[in-house]
Every structure is written in C-alpha cells, then in structure tokens.
file final35.pdb (PDB, C-alpha atoms)
ATOM      1  CA  MET A   1     -65.158   6.935  18.154
ATOM      2  CA  PRO A   2     -68.747   6.894  16.931
ATOM      3  CA  ASP A   3     -70.545  10.154  16.532
ATOM      4  CA  SER A   4     -72.433  11.312  19.598
ATOM      5  CA  PRO A   5     -76.182  11.593  19.182
ATOM      6  CA  GLY A   6     -77.189  15.126  18.355
ATOM      7  CA  HIS A   7     -73.731  16.161  17.287
ATOM      8  CA  GLU A   8     -72.676  16.468  13.630
ATOM      9  CA  VAL A   9     -69.069  16.025  12.725
ATOM     10  CA  PRO A  10     -68.030  18.309   9.840
ATOM     11  CA  ARG A  11     -66.918  16.407   6.773
ATOM     12  CA  ALA A  12     -63.940  17.412   4.718
ATOM     13  CA  VAL A  13     -65.042  19.041   1.470
ATOM     14  CA  PRO A  14     -62.697  18.468  -1.456
ATOM     15  CA  SER A  15     -61.373  21.743  -2.836
ATOM     16  CA  VAL A  16     -62.335  22.595  -6.411
ATOM     17  CA  PRO A  17     -59.672  24.480  -8.354
ATOM     18  CA  SER A  18     -60.758  27.884  -9.654
ATOM     19  CA  PRO A  19     -61.238  27.902 -13.427
ATOM     20  CA  VAL A  20     -58.292  29.368 -15.287
ATOM     21  CA  PRO A  21     -59.379  31.842 -17.980
ATOM     22  CA  PRO A  22     -58.348  30.638 -21.419
ATOM     23  CA  VAL A  23     -55.412  32.406 -23.020
ATOM     24  CA  PRO A  24     -56.448  33.786 -26.423
ATOM     25  CA  SER A  25     -54.461  32.380 -29.302
ATOM     26  CA  ALA A  26     -52.602  34.577 -31.748
ATOM     27  CA  ARG A  27     -55.175  33.690 -34.404
ATOM     28  CA  ALA A  28     -58.057  34.698 -32.100
ATOM     29  CA  GLU A  29     -56.342  37.994 -31.302
ATOM     30  CA  ALA A  30     -55.754  38.651 -34.986
ATOM     31  CA  THR A  31     -59.407  37.855 -35.746
ATOM     32  CA  ALA A  32     -60.597  40.208 -32.994
ATOM     33  CA  THR A  33     -58.271  42.934 -34.241
ATOM     34  CA  ALA A  34     -59.519  42.515 -37.805
ATOM     35  CA  ALA A  35     -63.136  42.607 -36.613
ATOM     36  CA  ALA A  36     -62.516  45.816 -34.668
ATOM     37  CA  ALA A  37     -60.812  47.407 -37.659
ATOM     38  CA  GLY A  38     -63.680  46.271 -39.888
ATOM     39  CA  SER A  39     -66.249  47.792 -37.560
ATOM     40  CA  ALA A  40     -64.356  51.083 -37.513
ATOM     41  CA  LEU A  41     -64.203  51.127 -41.320
ATOM     42  CA  GLU A  42     -67.914  50.364 -41.561
ATOM     43  CA  ARG A  43     -68.668  53.301 -39.269
ATOM     44  CA  ARG A  44     -66.470  55.612 -41.290
ATOM     45  CA  LEU A  45     -68.037  54.391 -44.516
ATOM     46  CA  ARG A  46     -71.556  55.079 -43.211
ATOM     47  CA  ALA A  47     -70.466  58.561 -42.147
ATOM     48  CA  ALA A  48     -68.888  59.229 -45.553
ATOM     49  CA  ARG A  49     -72.040  58.101 -47.379
ATOM     50  CA  ALA A  50     -74.010  60.747 -45.476
ATOM     51  CA  THR A  51     -71.786  63.580 -46.751
ATOM     52  CA  VAL A  52     -71.568  65.490 -50.018
ATOM     53  CA  PRO A  53     -68.405  66.369 -51.982
ATOM     54  CA  ASN A  54     -66.354  69.159 -50.422
ATOM     55  CA  TYR A  55     -66.129  71.132 -53.697
ATOM     56  CA  ARG A  56     -68.771  72.656 -55.996
ATOM     57  CA  GLU A  57     -67.679  71.615 -59.501
ATOM     58  CA  VAL A  58     -68.747  67.983 -59.316
ATOM     59  CA  GLY A  59     -68.178  66.163 -62.609
ATOM     60  CA  ALA A  60     -65.984  68.878 -64.123
ATOM     61  CA  THR A  61     -63.235  66.414 -65.103
ATOM     62  CA  ALA A  62     -65.543  65.363 -67.952
ATOM     63  CA  ASP A  63     -65.343  68.880 -69.422
ATOM     64  CA  ALA A  64     -62.641  70.167 -71.747
ATOM     65  CA  ARG A  65     -61.981  73.157 -69.470
ATOM     66  CA  LEU A  66     -61.178  72.558 -65.813
ATOM     67  CA  PRO A  67     -62.479  74.971 -63.138
ATOM     68  CA  GLU A  68     -60.404  77.875 -61.932
ATOM     69  CA  GLY A  69     -59.026  78.136 -58.412
ATOM     70  CA  TYR A  70     -57.401  74.682 -58.417
ATOM     71  CA  THR A  71     -54.142  73.119 -59.475
ATOM     72  CA  HIS A  72     -54.725  71.343 -62.791
ATOM     73  CA  LEU A  73     -53.106  68.163 -64.000
ATOM     74  CA  ARG A  74     -53.283  66.310 -67.321
ATOM     75  CA  ARG A  75     -51.080  63.345 -68.210
ATOM     76  CA  ARG A  76     -51.586  61.263 -71.359
ATOM     77  CA  LEU A  77     -49.747  58.092 -72.255
ATOM     78  CA  HIS A  78     -49.796  55.729 -75.247
ATOM     79  CA  LEU A  79     -50.682  52.130 -74.282
ATOM     80  CA  GLY A  80     -50.742  50.229 -77.561
ATOM     81  CA  HIS A  81     -53.037  49.385 -80.432
ATOM     82  CA  GLY A  82     -56.411  47.718 -80.814
ATOM     83  CA  PRO A  83     -59.597  46.806 -78.951
ATOM     84  CA  GLU A  84     -57.917  44.134 -76.806
ATOM     85  CA  VAL A  85     -55.551  46.683 -75.292
ATOM     86  CA  LEU A  86     -58.497  49.021 -74.704
ATOM     87  CA  ALA A  87     -60.487  46.249 -72.987
ATOM     88  CA  ARG A  88     -57.608  45.113 -70.757
ATOM     89  CA  ALA A  89     -56.689  48.611 -69.659
ATOM     90  CA  GLY A  90     -60.345  49.615 -69.252
ATOM     91  CA  ARG A  91     -61.157  46.658 -66.980
ATOM     92  CA  PHE A  92     -58.077  47.461 -64.945
ATOM     93  CA  VAL A  93     -59.036  51.111 -64.515
ATOM     94  CA  LEU A  94     -62.702  50.436 -63.638
ATOM     95  CA  GLY A  95     -61.509  47.858 -61.107
ATOM     96  CA  TRP A  96     -59.521  50.544 -59.203
ATOM     97  CA  GLY A  97     -56.311  49.096 -60.606
ATOM     98  CA  CYS A  98     -54.556  52.481 -60.599
ATOM     99  CA  GLN A  99     -55.212  52.904 -56.886
ATOM    100  CA  LEU A 100     -54.344  49.307 -55.994
ATOM    101  CA  GLY A 101     -51.200  49.542 -58.097
ATOM    102  CA  THR A 102     -50.147  52.631 -56.154
ATOM    103  CA  GLY A 103     -50.413  50.930 -52.747
ATOM    104  CA  PHE A 104     -53.945  51.923 -51.738
ATOM    105  CA  ALA A 105     -56.568  49.514 -50.492
ATOM    106  CA  VAL A 106     -60.175  50.141 -51.561
ATOM    107  CA  PHE A 107     -63.065  49.579 -49.132
ATOM    108  CA  PRO A 108     -65.537  48.249 -50.015
ATOM    109  CA  TYR A 109     -64.052  46.808 -53.165
ATOM    110  CA  ALA A 110     -66.234  46.687 -56.306
ATOM    111  CA  PRO A 111     -65.804  48.036 -59.850
ATOM    112  CA  ALA A 112     -66.450  51.773 -60.027
ATOM    113  CA  GLU A 113     -70.124  52.730 -60.285
ATOM    114  CA  PRO A 114     -71.635  56.247 -60.270
ATOM    115  CA  GLY A 115     -72.531  57.338 -56.745
ATOM    116  CA  ALA A 116     -70.432  54.685 -54.996
ATOM    117  CA  THR A 117     -68.643  55.859 -51.850
ATOM    118  CA  VAL A 118     -65.314  54.246 -51.012
ATOM    119  CA  LEU A 119     -62.540  54.614 -48.485
ATOM    120  CA  LEU A 120     -59.023  54.621 -49.913
ATOM    121  CA  ARG A 121     -56.614  53.346 -47.286
ATOM    122  CA  LEU A 122     -52.895  54.017 -47.436
ATOM    123  CA  GLY A 123     -50.852  51.885 -45.067
ATOM    124  CA  LEU A 124     -47.381  52.250 -43.614
ATOM    125  CA  PRO A 125     -44.705  49.781 -44.739
ATOM    126  CA  GLY A 126     -44.472  46.917 -42.246
ATOM    127  CA  SER A 127     -47.676  47.876 -40.439
ATOM    128  CA  ARG A 128     -51.155  46.399 -40.639
ATOM    129  CA  TRP A 129     -52.734  49.681 -39.609
ATOM    130  CA  PRO A 130     -53.594  52.309 -42.212
ATOM    131  CA  ARG A 131     -52.188  55.764 -41.702
ATOM    132  CA  LEU A 132     -54.744  57.510 -43.852
ATOM    133  CA  VAL A 133     -58.373  56.656 -44.566
ATOM    134  CA  ILE A 134     -59.514  58.838 -47.447
ATOM    135  CA  PRO A 135     -63.228  59.106 -48.360
ATOM    136  CA  CYS A 136     -64.146  59.481 -52.048
ATOM    137  CA  ARG A 137     -67.225  59.217 -54.275
ATOM    138  CA  VAL A 138     -67.439  58.072 -57.891
ATOM    139  CA  VAL A 139     -68.992  60.991 -59.788
ATOM    140  CA  TRP A 140     -69.114  59.567 -63.318
ATOM    141  CA  THR A 141     -68.217  56.479 -65.300
ATOM    142  CA  VAL A 142     -68.062  55.723 -69.016
ATOM    143  CA  ASP A 143     -67.981  52.307 -70.690
ATOM    144  CA  GLU A 144     -68.238  52.720 -74.458
ATOM    145  CA  PRO A 145     -66.629  50.954 -77.448
ATOM    146  CA  ASP A 146     -63.883  53.581 -77.602
ATOM    147  CA  ARG A 147     -63.796  55.015 -74.050
ATOM    148  CA  ILE A 148     -63.659  53.380 -70.601
ATOM    149  CA  GLY A 149     -63.035  55.098 -67.295
ATOM    150  CA  PHE A 150     -64.349  56.969 -64.291
ATOM    151  CA  ALA A 151     -63.765  59.901 -61.973
ATOM    152  CA  TYR A 152     -64.024  60.272 -58.241
ATOM    153  CA  GLY A 153     -64.396  63.361 -56.107
ATOM    154  CA  THR A 154     -63.259  64.136 -52.596
ATOM    155  CA  LEU A 155     -65.478  64.046 -49.516
ATOM    156  CA  PRO A 156     -65.017  65.772 -46.129
ATOM    157  CA  GLY A 157     -62.015  64.194 -44.421
ATOM    158  CA  HIS A 158     -59.958  63.994 -47.605
ATOM    159  CA  PRO A 159     -56.671  65.939 -47.398
ATOM    160  CA  GLU A 160     -57.576  67.622 -50.709
ATOM    161  CA  CYS A 161     -60.705  68.895 -52.381
ATOM    162  CA  GLY A 162     -61.276  68.281 -56.049
ATOM    163  CA  GLU A 163     -61.621  65.509 -58.577
ATOM    164  CA  GLU A 164     -59.520  62.948 -60.422
ATOM    165  CA  ALA A 165     -60.434  61.080 -63.623
ATOM    166  CA  PHE A 166     -58.904  58.001 -65.261
ATOM    167  CA  LEU A 167     -59.795  57.396 -68.903
ATOM    168  CA  VAL A 168     -58.692  54.823 -71.463
ATOM    169  CA  SER A 169     -59.609  55.732 -75.050
ATOM    170  CA  MET A 170     -59.011  54.505 -78.596
ATOM    171  CA  ASP A 171     -58.681  56.939 -81.488
ATOM    172  CA  ALA A 172     -59.805  56.495 -85.100
ATOM    173  CA  ALA A 173     -56.486  54.840 -86.006
ATOM    174  CA  GLY A 174     -56.916  52.225 -83.274
ATOM    175  CA  GLU A 175     -54.245  53.695 -80.984
ATOM    176  CA  VAL A 176     -55.069  53.331 -77.289
ATOM    177  CA  TRP A 177     -54.316  56.079 -74.787
ATOM    178  CA  PHE A 178     -54.570  56.491 -71.035
ATOM    179  CA  GLU A 179     -55.193  59.933 -69.541
ATOM    180  CA  VAL A 180     -55.268  61.190 -65.967
ATOM    181  CA  VAL A 181     -57.091  64.495 -65.451
ATOM    182  CA  ALA A 182     -57.355  66.209 -62.092
ATOM    183  CA  PHE A 183     -58.117  69.483 -60.399
ATOM    184  CA  ALA A 184     -57.473  69.862 -56.701
ATOM    185  CA  ARG A 185     -56.318  72.064 -53.892
ATOM    186  CA  LEU A 186     -55.092  71.137 -50.435
ATOM    187  CA  ALA A 187     -57.807  71.053 -47.794
ATOM    188  CA  ALA A 188     -56.459  69.481 -44.583
ATOM    189  CA  TRP A 189     -54.225  71.569 -42.334
ATOM    190  CA  TYR A 190     -51.521  68.901 -42.278
ATOM    191  CA  ALA A 191     -51.479  68.794 -46.107
ATOM    192  CA  ARG A 192     -51.182  72.605 -46.301
ATOM    193  CA  LEU A 193     -48.486  72.596 -43.628
ATOM    194  CA  GLY A 194     -46.470  70.019 -45.536
ATOM    195  CA  ARG A 195     -47.288  71.324 -49.012
ATOM    196  CA  PRO A 196     -43.957  70.366 -50.681
ATOM    197  CA  VAL A 197     -44.292  66.808 -49.380
ATOM    198  CA  ALA A 198     -47.958  66.631 -50.413
ATOM    199  CA  VAL A 199     -47.132  67.827 -53.937
ATOM    200  CA  LEU A 200     -44.302  65.298 -54.215
ATOM    201  CA  CYS A 201     -46.591  62.486 -53.035
ATOM    202  CA  GLN A 202     -49.167  63.449 -55.661
ATOM    203  CA  TYR A 203     -46.522  63.443 -58.389
ATOM    204  CA  LEU A 204     -45.267  60.013 -57.327
ATOM    205  CA  ALA A 205     -48.839  58.685 -57.219
ATOM    206  CA  ILE A 206     -49.506  59.861 -60.783
ATOM    207  CA  GLU A 207     -46.305  58.200 -61.999
ATOM    208  CA  ARG A 208     -47.367  54.923 -60.397
ATOM    209  CA  TYR A 209     -50.865  55.236 -61.873
ATOM    210  CA  LEU A 210     -49.297  55.445 -65.319
ATOM    211  CA  ALA A 211     -46.875  52.594 -64.709
ATOM    212  CA  SER A 212     -49.594  50.270 -63.409
ATOM    213  CA  VAL A 213     -51.856  50.873 -66.416
ATOM    214  CA  VAL A 214     -48.971  50.275 -68.837
ATOM    215  CA  ARG A 215     -48.377  46.910 -67.190
ATOM    216  CA  ALA A 216     -52.051  46.011 -67.296
ATOM    217  CA  ALA A 217     -52.410  47.006 -70.946
ATOM    218  CA  ALA A 218     -49.438  44.845 -71.894
ATOM    219  CA  GLY A 219     -51.028  41.821 -70.229
ATOM    220  CA  PRO A 220     -49.315  39.223 -68.000
ATOM    221  CA  GLY A 221     -45.933  38.100 -69.239
ATOM    222  CA  PRO A 222     -42.796  36.284 -68.090
ATOM    223  CA  ASP A 223     -41.247  39.514 -66.821
ATOM    224  CA  SER A 224     -44.320  40.548 -64.836
ATOM    225  CA  ASP A 225     -43.880  40.355 -61.056
ATOM    226  CA  ALA A 226     -47.459  41.254 -60.234
ATOM    227  CA  ALA A 227     -50.779  40.604 -61.882
ATOM    228  CA  PRO A 228     -52.808  43.617 -63.039
ATOM    229  CA  GLY A 229     -54.498  45.164 -60.017
ATOM    230  CA  ALA A 230     -51.862  44.045 -57.514
ATOM    231  CA  PRO A 231     -49.673  46.685 -55.846
ATOM    232  CA  LEU A 232     -46.415  47.343 -57.602
ATOM    233  CA  PRO A 233     -43.327  46.362 -55.614
ATOM    234  CA  ASP A 234     -41.517  49.169 -53.810
TER     235      ASP A 234
END

call {"tool": "encode", "arguments": {"input": "final35.pdb", "output": "structure tokens"}}
result
Amino acid sequence: MPDSPGHEVPRAVPSVPSPVPPVPSARAEATATAAAAGSALERRLRAARATVPNYREVGATADARLPEGYTHLRRRLHLGHGPEVLARAGRFVLGWGCQLGTGFAVFPYAPAEPGATVLLRLGLPGSRWPRLVIPCRVVWTVDEPDRIGFAYGTLPGHPECGEEAFLVSMDAAGEVWFEVVAFARLAAWYARLGRPVAVLCQYLAIERYLASVVRAAAGPGPDSDAAPGAPLPD
C-alpha cells in the first residue's frame, strides 16, 4: 500500500555491531611491562641521585687503613703476568664485570666513572622481576699503567652502609693481582634480622667476584662457557 500523505513510515535501520576491543598480544603486554619497570627504575635512579652516601668515610677504601666501626674485608688473588693480563682484567672490572659475573644487573650500564649513581638489581631465579634494587655511587676510579679499578659506596636504601673497591694492579716483576677491599656494616632491618644469611651472601658474592675476574684475565678459551662480563652459570 502506498504511504498516506502526511504519514511517515519508519524505515528499518541496519544494526551496526559494537566494536570489539582488541586483545593485547603477548608481545604488547611484555613491552608494556618492560616500559612500566623502566619507568619505575628511572624514578628510583632520580631519587638515588638526589641522595648522599649513608656513611661518613667516603673514599676510605683508597687508604691503607680502613675506618673503625665496620667489618673489614681484604682478598687478593694472583691473575697472571704482563700488561695484557692487566688490561683485560682492568677493562672487565671497570665495566662492572664483577657485579655482572655475580648475577647483578647494572642500571644504567656504563663503565665506572667518579660520581656515577647506579642501581644494582639482583633477580630471583626464574623471575623477570628483581627482588632487590640497590643504589650505589662510584666514589673513585683509577686507570694508570700499573693500576686499574674503582670503588663504590652505599646510598640510602642499600641493605648495608660502607664501601667496596675492586683493583687490578701489576707489580715491579710484572705479576698481576686482583684485590677486593671493603668496609661495611648492616643497615637495613631485614639484613640485621637475617645477619647469618647476609654474611653468607656477602662471602659467596666475593668468591664469585674473584672467579669472574680470573676468567676474564685468562681471556676467552675453548673451555669458557661465558664471555667476560656475562653472569657465571649457577
């Protein structure tokens, strides 16, 4: 029947399906997670840069006598002979090889420079998330024909307070040595509460420092599972 004058017949309007929100891919989720973690690290790094070391004797690892009131540590190890060994081990140490070889990540990564603030991150096995984020500051470096190394001190938020130095040196006979020097005391409540565990962890870290530098000084070889600077296998 034709439409009557003055009357409008409603027309059927085709339905438009509602847009379905896209499902994020695993790669997009991983990217977003990494970006969030990066932003959090950047914030923590900015906060750490605004602080000062949480101990008074800054730079004391360069002195022959370490300050009183701390636990002292000195370990010295023979690496080999000659300038090439010194250069290899020295590059490794200045590039945070001891820390990387012990399982830490360094943020932001760059060779050690005086005044640089870094976050050392220690992750849990099988997890992408770090358990500890430890703020430190490089307090001195040395790069001379017979000595290469640096020291870093603790900042607020570190479970300890004190300083740790890593030095490669060559004596008059051409023998090359690596020495770790530290003075520290526990600062965080959880470190004091678990003192035996904290002391054991420090001992194990020192042993891995030494092992990683020995590997680096020897250079890559057929029996090497990891290049200098890479974490040692568990």

call {"tool": "resolve_selection", "arguments": {"input": "final35.pdb", "expression": "the PyMOL selection byres ((chain A and resi 165-172) around 6)", "output": "number ranges by chain"}}
result
A: 90, 146-151, 164, 173-181

call {"tool": "resolve_selection", "arguments": {"input": "final35.pdb", "expression": "the PyMOL selection byres ((chain A and resi 154-156) around 7)", "output": "short mmCIF file (atom, residue, chain, number, x, y, z; two decimals) with C-alpha atoms, in the coordinates of the input"}}
result
data_model
loop_
_atom_site.label_atom_id
_atom_site.label_comp_id
_atom_site.auth_asym_id
_atom_site.auth_seq_id
_atom_site.Cartn_x
_atom_site.Cartn_y
_atom_site.Cartn_z
CA THR A 51 -71.79 63.58 -46.75
CA VAL A 52 -71.57 65.49 -50.02
CA PRO A 53 -68.40 66.37 -51.98
CA ASN A 54 -66.35 69.16 -50.42
CA PRO A 135 -63.23 59.11 -48.36
CA CYS A 136 -64.15 59.48 -52.05
CA ARG A 137 -67.22 59.22 -54.28
CA TYR A 152 -64.02 60.27 -58.24
CA GLY A 153 -64.40 63.36 -56.11
CA GLY A 157 -62.02 64.19 -44.42
CA HIS A 158 -59.96 63.99 -47.60
CA GLU A 160 -57.58 67.62 -50.71
CA CYS A 161 -60.70 68.90 -52.38
CA GLY A 162 -61.28 68.28 -56.05
CA GLU A 163 -61.62 65.51 -58.58
#

call {"tool": "closest_residue", "arguments": {"input": "final35.pdb", "among": "A:Val213, A:Phe183, A:Glu68, A:His78", "to": "Arg91 in chain A", "atoms": "only C-alpha atoms"}}
result
A:Val213

call {"tool": "axis_aligned_box", "arguments": {"input": "final35.pdb", "around": "range 105-110 of chain A", "padding_each_side": "4 Å", "output": "AutoDock Vina command-line options"}}
result
--center_x -61.4 --center_y 48.4 --center_z -52.7 --size_x 17.7 --size_y 11.5 --size_z 15.2

call {"tool": "atom_distance", "arguments": {"input": "final35.pdb", "atom1": "CA of Pro83 in chain A", "atom2": "CA of Pro108 in chain A"}}
result
29.6 Å

call {"tool": "closest_residue", "arguments": {"input": "final35.pdb", "among": "A:Ala40, A:Ala87, A:Ala211, A:Ala48", "to": "Leu100 in chain A", "atoms": "only C-alpha atoms"}}
result
A:Ala211

call {"tool": "residues_around", "arguments": {"input": "final35.pdb", "residues": "Leu120 in chain A", "least_positions_apart": "6", "cutoff": "7 Å", "atoms": "all atoms listed in the file", "output": "PyMOL selection string"}}
result
chain A and resi 104-107+133-135
